[in-house]
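Worksheet: the structure to be examined is printed underneath.
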Amino acid sequence: MEEKAKIERELVKFSKKKPGSEGDYDTTFPDYGDKEDENAAEVADYAVNLSLEENLEKSLRDTNQSLKRLAEGEYGICKYCHKPIEEKRLMARLTSSSCMSCKKTITQEV
Ligand SMILES: [Zn+2]
């Protein structure tokens with residue numbers, strides 16, 4: 001999660017997120033001025049940013065994939081003791097996020 005935020009922070013420095021897309025960015029053309037050397041610098045920086053954007057987008061996609069895997073892996077894991085939830089309990093209630101013993105403890109506390 002932290003890694004994803006870091007990459008996105010880097011990306012917004014020189015590019016804009018494409019509306020309605022996840023992890024797709026467009027490099028914005030820098031505007032330093034109208035002088036010849038300024039224009040040259042704009043083109044040079046734009047080229048650098050383009051390849052940087054490509055690399056960051058790739059990292060972002062990889063990070064998103066890992067996060068997705070992580071989310072899937074956490075399915076069936078108790079959110080309190082982080083042990084696998086009993087299969088019987090999962091069969092009864094697919095969205096269970098706590099195991100029987102933790103659930104029992106919580107219910108007794110309430
Ligand atoms: Zn538990």
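Within each chain, counting starts at residue 1; across the structure tokens, chains are named A, B, ... in the order shown, with ligands numbered 1 upward in that order.
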message: Can you pull out every residue with an atom within 7 Å of ligand 1? Use only C-alpha atoms and all ligand atoms and format it as an NGL selection string.
response: :A and (78-83 or 98-102)
Residues within 12 Å of stretch 7-23 of chain A, only C-alpha atoms, excluding chain neighbours under 4 positions, as a VMD selection string: chain A and resid 1 to 3 27 to 31 42 45 to 65
- request: Please identify which residues in chain A DSSP calls strand (DSSP E) from the backbone, and express them as a VMD selection string.
  value: chain A and resid 15 to 17 25 to 27
Limited to N, CA, C and O atoms, could you put the picked residues into a file as a compact mmCIF listing (two decimals), in the first residue's frame?
# COMPACT_ATOMS: atom_id res chain seq x y z
N SER A 15 2.99 13.77 -14.63
CA SER A 15 1.97 13.23 -15.52
C SER A 15 0.60 13.33 -14.88
O SER A 15 0.47 13.57 -13.68
N LYS A 16 -0.41 13.14 -15.71
CA LYS A 16 -1.78 13.19 -15.22
C LYS A 16 -2.40 11.81 -15.33
O LYS A 16 -2.17 11.10 -16.31
N LYS A 17 -3.17 11.46 -14.32
CA LYS A 17 -3.86 10.18 -14.37
C LYS A 17 -4.96 10.25 -15.42
O LYS A 17 -5.72 11.22 -15.46
N TYR A 25 -1.23 6.52 -16.79
CA TYR A 25 -0.89 7.93 -16.69
C TYR A 25 -0.41 8.49 -18.02
O TYR A 25 0.11 7.75 -18.85
N ASP A 26 -0.62 9.78 -18.22
CA ASP A 26 -0.12 10.47 -19.40
C ASP A 26 0.92 11.49 -18.97
O ASP A 26 0.64 12.33 -18.12
N THR A 27 2.10 11.41 -19.57
CA THR A 27 3.12 12.39 -19.26
C THR A 27 2.70 13.75 -19.80
O THR A 27 2.30 13.87 -20.95
- request: Would you mind writing down, as a PyMOL selection string, each residue of stretch 48-98 of chain A that DSSP on the backbone assigns to alpha helix (DSSP H)?
  value: chain A and resi 48-73+87-92
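The space separating atom CA of A:Pro84 from atom CA of A:Lys68 comes to 18.6 Å.
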